[in-house]
file run-v2.cif (mmCIF, C-alpha atoms)
data_coords
loop_
_atom_site.group_PDB
_atom_site.id
_atom_site.type_symbol
_atom_site.label_atom_id
_atom_site.label_comp_id
_atom_site.auth_asym_id
_atom_site.auth_seq_id
_atom_site.Cartn_x
_atom_site.Cartn_y
_atom_site.Cartn_z
ATOM 1 C CA MET A 1 83.248 80.093 128.542
ATOM 2 C CA ARG A 2 82.671 83.770 128.994
ATOM 3 C CA PRO A 3 85.489 86.220 129.782
ATOM 4 C CA TYR A 4 84.110 86.935 133.284
ATOM 5 C CA THR A 5 84.147 83.235 134.120
ATOM 6 C CA ILE A 6 87.699 82.740 132.864
ATOM 7 C CA GLY A 7 88.942 85.836 134.686
ATOM 8 C CA GLY A 8 87.147 84.769 137.844
ATOM 9 C CA LEU A 9 88.622 81.269 137.765
ATOM 10 C CA VAL A 10 92.118 82.659 137.210
ATOM 11 C CA LEU A 11 91.699 85.036 140.161
ATOM 12 C CA ILE A 12 90.426 82.198 142.358
ATOM 13 C CA VAL A 13 93.500 80.100 141.549
ATOM 14 C CA VAL A 14 95.835 83.066 142.111
ATOM 15 C CA GLY A 15 94.104 83.824 145.422
ATOM 16 C CA ILE A 16 94.491 80.243 146.642
ATOM 17 C CA LEU A 17 98.167 80.248 145.639
ATOM 18 C CA ALA A 18 98.750 83.587 147.373
ATOM 19 C CA LEU A 19 97.178 82.262 150.571
ATOM 20 C CA SER A 20 99.222 79.057 150.519
ATOM 21 C CA VAL A 21 102.609 80.590 149.571
ATOM 22 C CA HIS A 22 103.647 83.429 151.876
ATOM 23 C CA SER A 23 106.921 84.405 150.203
ATOM 24 C CA ILE A 24 108.966 83.772 147.075
ATOM 25 C CA THR A 25 112.766 83.714 147.261
ATOM 26 C CA TYR A 26 115.024 83.968 144.235
ATOM 27 C CA PHE A 27 118.791 84.286 143.929
ATOM 28 C CA SER A 28 120.854 86.686 141.851
ATOM 29 C CA ASN A 29 124.485 86.006 140.926
ATOM 30 C CA GLU A 30 126.827 88.967 141.229
ATOM 31 C CA GLU A 31 130.559 89.239 140.674
ATOM 32 C CA VAL A 32 132.304 90.848 143.651
ATOM 33 C CA VAL A 33 135.846 92.187 143.272
ATOM 34 C CA GLY A 34 138.283 91.796 146.176
ATOM 35 C CA PRO A 35 139.732 94.745 148.102
ATOM 36 C CA LEU A 36 142.937 94.898 146.030
ATOM 37 C CA GLY A 37 141.256 94.128 142.701
ATOM 38 C CA PHE A 38 143.216 90.909 142.081
ATOM 39 C CA PHE A 39 140.433 88.459 142.811
ATOM 40 C CA SER A 40 136.742 88.256 142.016
ATOM 41 C CA TRP A 41 134.070 85.945 143.383
ATOM 42 C CA ASP A 42 130.623 84.964 142.189
ATOM 43 C CA VAL A 43 128.221 85.591 145.039
ATOM 44 C CA SER A 44 124.596 84.420 145.173
ATOM 45 C CA ARG A 45 122.408 86.986 146.917
ATOM 46 C CA PRO A 46 118.908 86.037 148.034
ATOM 47 C CA TYR A 47 115.954 88.336 147.410
ATOM 48 C CA THR A 48 112.594 87.648 149.024
ATOM 49 C CA ILE A 49 109.187 88.890 147.875
ATOM 50 C CA PHE A 50 106.543 88.740 150.609
ATOM 51 C CA ILE A 51 102.904 88.214 149.602
ATOM 52 C CA SER A 52 100.268 89.734 151.858
ATOM 53 C CA PRO A 53 97.387 87.438 152.834
ATOM 54 C CA LEU A 54 95.042 90.358 152.137
ATOM 55 C CA ALA A 55 96.020 90.210 148.456
ATOM 56 C CA GLY A 56 95.064 86.513 148.345
ATOM 57 C CA ILE A 57 91.742 87.125 150.076
ATOM 58 C CA LEU A 58 90.968 90.052 147.773
ATOM 59 C CA ALA A 59 91.781 88.018 144.641
ATOM 60 C CA LEU A 60 89.636 85.145 145.905
ATOM 61 C CA VAL A 61 86.635 87.400 146.653
ATOM 62 C CA VAL A 62 86.855 89.236 143.316
ATOM 63 C CA GLY A 63 87.147 85.904 141.488
ATOM 64 C CA VAL A 64 84.043 84.515 143.166
ATOM 65 C CA VAL A 65 82.123 87.715 142.382
ATOM 66 C CA LEU A 66 83.135 87.533 138.710
ATOM 67 C CA VAL A 67 82.072 83.880 138.424
ATOM 68 C CA LEU A 68 78.727 84.643 140.072
ATOM 69 C CA MET A 69 78.198 87.675 137.809
ATOM 70 C CA ALA A 70 78.762 85.529 134.732
ATOM 71 C CA ARG A 71 76.257 82.932 135.939
ATOM 72 C CA ARG A 72 73.661 85.552 136.781
ATOM 73 C CA ARG A 73 73.878 87.086 133.305
ATOM 74 C CA THR A 74 73.367 83.743 131.572
ATOM 75 C CA ALA A 75 70.386 82.864 133.808
ATOM 76 C CA SER A 76 68.504 86.053 132.824
#

call {"tool": "encode", "arguments": {"input": "run-v2.cif", "output": "structure tokens"}}
result
Amino acid sequence: MRPYTIGGLVLIVVGILALSVHSITYFSNEEVVGPLGFFSWDVSRPYTIFISPLAGILALVVGVVLVLMARRRTAS
């Protein structure tokens, strides 16, 4: 396979994943000390990364263009 085809297929897969998954949430463990300093707790704090649908559409379109460019070059 040519590099354009591989890059295009990867972008198509990433675009489909970005359109199907709207956000990714991960947790971070932090140690919180009490007000007097005697006690400490482990606290899990959630962090959310939102993925714009425009990024998925853009990746999908660029991937299709790259795959079509690779096919057009081999046909010539």

call {"tool": "atom_distance", "arguments": {"input": "run-v2.cif", "atom1": "CA of Pro3 (chain A)", "atom2": "CA of Met69 (chain A)"}}
result
10.9 Å

call {"tool": "resolve_selection", "arguments": {"input": "run-v2.cif", "expression": "the PyMOL selection byres ((chain A and resi 67) around 10)", "output": "ChimeraX atom specification"}}
result
/A:2-9,11-12,62-66,68-72

call {"tool": "residues_around", "arguments": {"input": "run-v2.cif", "residues": "Glu31 (chain A)", "least_positions_apart": "4", "cutoff": "9 Å", "atoms": "only C-alpha atoms", "output": "ChimeraX atom specification"}}
result
/A:40-44

call {"tool": "resolve_selection", "arguments": {"input": "run-v2.cif", "expression": "the PyMOL selection byres ((chain A and resi 50) around 9)", "output": "NGL selection string"}}
result
:A and (22-25 or 48-49 or 51-52)

call {"tool": "residues_around", "arguments": {"input": "run-v2.cif", "residues": "Leu17 (chain A)", "least_positions_apart": "4", "cutoff": "8 Å", "atoms": "all atoms listed in the file", "output": "number ranges by chain"}}
result
A: 13, 21, 56

call {"tool": "write_last_selection", "arguments": {"input": "run-v2.cif", "atoms": "C-alpha atoms", "output": "PDB file, keeping the file's coordinate frame"}}
result
ATOM      1  CA  VAL A  13      93.500  80.100 141.549  1.00  0.00           C
ATOM      2  CA  VAL A  21     102.609  80.590 149.571  1.00  0.00           C
ATOM      3  CA  GLY A  56      95.064  86.513 148.345  1.00  0.00           C
TER       4      GLY A  56
END

call {"tool": "atom_distance", "arguments": {"input": "run-v2.cif", "atom1": "CA of Ser20 (chain A)", "atom2": "CA of Pro53 (chain A)"}}
result
8.9 Å

call {"tool": "atom_distance", "arguments": {"input": "run-v2.cif", "atom1": "CA of Ala18 (chain A)", "atom2": "CA of Val61 (chain A)"}}
result
12.7 Å

call {"tool": "residues_around", "arguments": {"input": "run-v2.cif", "residues": "Leu54 (chain A)", "least_positions_apart": "3", "cutoff": "10 Å", "atoms": "all atoms listed in the file", "output": "list in words"}}
result
Gly15, Ala18, Leu19, Ile51, Ile57, Leu58, Ala59 and Leu60 of chain A

call {"tool": "build_atoms", "arguments": {"input": "run-v2.cif", "residues": "region 43-62 of chain A", "atoms": "N, CA and C atoms", "output": "PDB file, in the coordinates of the input"}}
result
ATOM      1  N   VAL A  43     128.989  85.656 143.799  1.00  0.00           N
ATOM      2  CA  VAL A  43     128.221  85.591 145.039  1.00  0.00           C
ATOM      3  C   VAL A  43     126.739  85.494 144.699  1.00  0.00           C
ATOM      4  N   SER A  44     126.052  84.535 145.324  1.00  0.00           N
ATOM      5  CA  SER A  44     124.596  84.420 145.173  1.00  0.00           C
ATOM      6  C   SER A  44     123.926  85.194 146.294  1.00  0.00           C
ATOM      7  N   ARG A  45     123.109  86.184 145.920  1.00  0.00           N
ATOM      8  CA  ARG A  45     122.408  86.986 146.917  1.00  0.00           C
ATOM      9  C   ARG A  45     120.914  86.656 146.864  1.00  0.00           C
ATOM     10  N   PRO A  46     120.348  86.353 148.022  1.00  0.00           N
ATOM     11  CA  PRO A  46     118.908  86.037 148.034  1.00  0.00           C
ATOM     12  C   PRO A  46     118.053  87.307 148.088  1.00  0.00           C
ATOM     13  N   TYR A  47     116.958  87.277 147.367  1.00  0.00           N
ATOM     14  CA  TYR A  47     115.954  88.336 147.410  1.00  0.00           C
ATOM     15  C   TYR A  47     114.614  87.675 147.699  1.00  0.00           C
ATOM     16  N   THR A  48     113.864  88.232 148.621  1.00  0.00           N
ATOM     17  CA  THR A  48     112.594  87.648 149.024  1.00  0.00           C
ATOM     18  C   THR A  48     111.461  88.629 148.748  1.00  0.00           C
ATOM     19  N   ILE A  49     110.399  88.114 148.115  1.00  0.00           N
ATOM     20  CA  ILE A  49     109.187  88.890 147.875  1.00  0.00           C
ATOM     21  C   ILE A  49     108.117  88.335 148.801  1.00  0.00           C
ATOM     22  N   PHE A  50     107.590  89.162 149.687  1.00  0.00           N
ATOM     23  CA  PHE A  50     106.543  88.740 150.609  1.00  0.00           C
ATOM     24  C   PHE A  50     105.176  89.037 150.003  1.00  0.00           C
ATOM     25  N   ILE A  51     104.254  88.073 150.134  1.00  0.00           N
ATOM     26  CA  ILE A  51     102.904  88.214 149.602  1.00  0.00           C
ATOM     27  C   ILE A  51     101.945  88.381 150.781  1.00  0.00           C
ATOM     28  N   SER A  52     101.211  89.458 150.785  1.00  0.00           N
ATOM     29  CA  SER A  52     100.268  89.734 151.858  1.00  0.00           C
ATOM     30  C   SER A  52      99.057  88.802 151.754  1.00  0.00           C
ATOM     31  N   PRO A  53      98.595  88.267 152.875  1.00  0.00           N
ATOM     32  CA  PRO A  53      97.387  87.438 152.834  1.00  0.00           C
ATOM     33  C   PRO A  53      96.155  88.228 152.372  1.00  0.00           C
ATOM     34  N   LEU A  54      96.170  89.542 152.594  1.00  0.00           N
ATOM     35  CA  LEU A  54      95.042  90.358 152.137  1.00  0.00           C
ATOM     36  C   LEU A  54      94.917  90.347 150.613  1.00  0.00           C
ATOM     37  N   ALA A  55      96.055  90.277 149.917  1.00  0.00           N
ATOM     38  CA  ALA A  55      96.020  90.210 148.456  1.00  0.00           C
ATOM     39  C   ALA A  55      95.376  88.900 148.002  1.00  0.00           C
ATOM     40  N   GLY A  56      95.672  87.806 148.689  1.00  0.00           N
ATOM     41  CA  GLY A  56      95.064  86.513 148.345  1.00  0.00           C
ATOM     42  C   GLY A  56      93.573  86.507 148.614  1.00  0.00           C
ATOM     43  N   ILE A  57      93.165  87.073 149.752  1.00  0.00           N
ATOM     44  CA  ILE A  57      91.742  87.125 150.076  1.00  0.00           C
ATOM     45  C   ILE A  57      91.000  88.008 149.080  1.00  0.00           C
ATOM     46  N   LEU A  58      91.594  89.143 148.729  1.00  0.00           N
ATOM     47  CA  LEU A  58      90.968  90.052 147.773  1.00  0.00           C
ATOM     48  C   LEU A  58      90.818  89.389 146.398  1.00  0.00           C
ATOM     49  N   ALA A  59      91.859  88.699 145.930  1.00  0.00           N
ATOM     50  CA  ALA A  59      91.781  88.018 144.641  1.00  0.00           C
ATOM     51  C   ALA A  59      90.723  86.924 144.666  1.00  0.00           C
ATOM     52  N   LEU A  60      90.626  86.207 145.767  1.00  0.00           N
ATOM     53  CA  LEU A  60      89.636  85.145 145.905  1.00  0.00           C
ATOM     54  C   LEU A  60      88.217  85.713 145.877  1.00  0.00           C
ATOM     55  N   VAL A  61      87.974  86.795 146.608  1.00  0.00           N
ATOM     56  CA  VAL A  61      86.635  87.400 146.653  1.00  0.00           C
ATOM     57  C   VAL A  61      86.245  87.962 145.288  1.00  0.00           C
ATOM     58  N   VAL A  62      87.157  88.677 144.636  1.00  0.00           N
ATOM     59  CA  VAL A  62      86.855  89.236 143.316  1.00  0.00           C
ATOM     60  C   VAL A  62      86.611  88.122 142.302  1.00  0.00           C
TER      61      VAL A  62
END
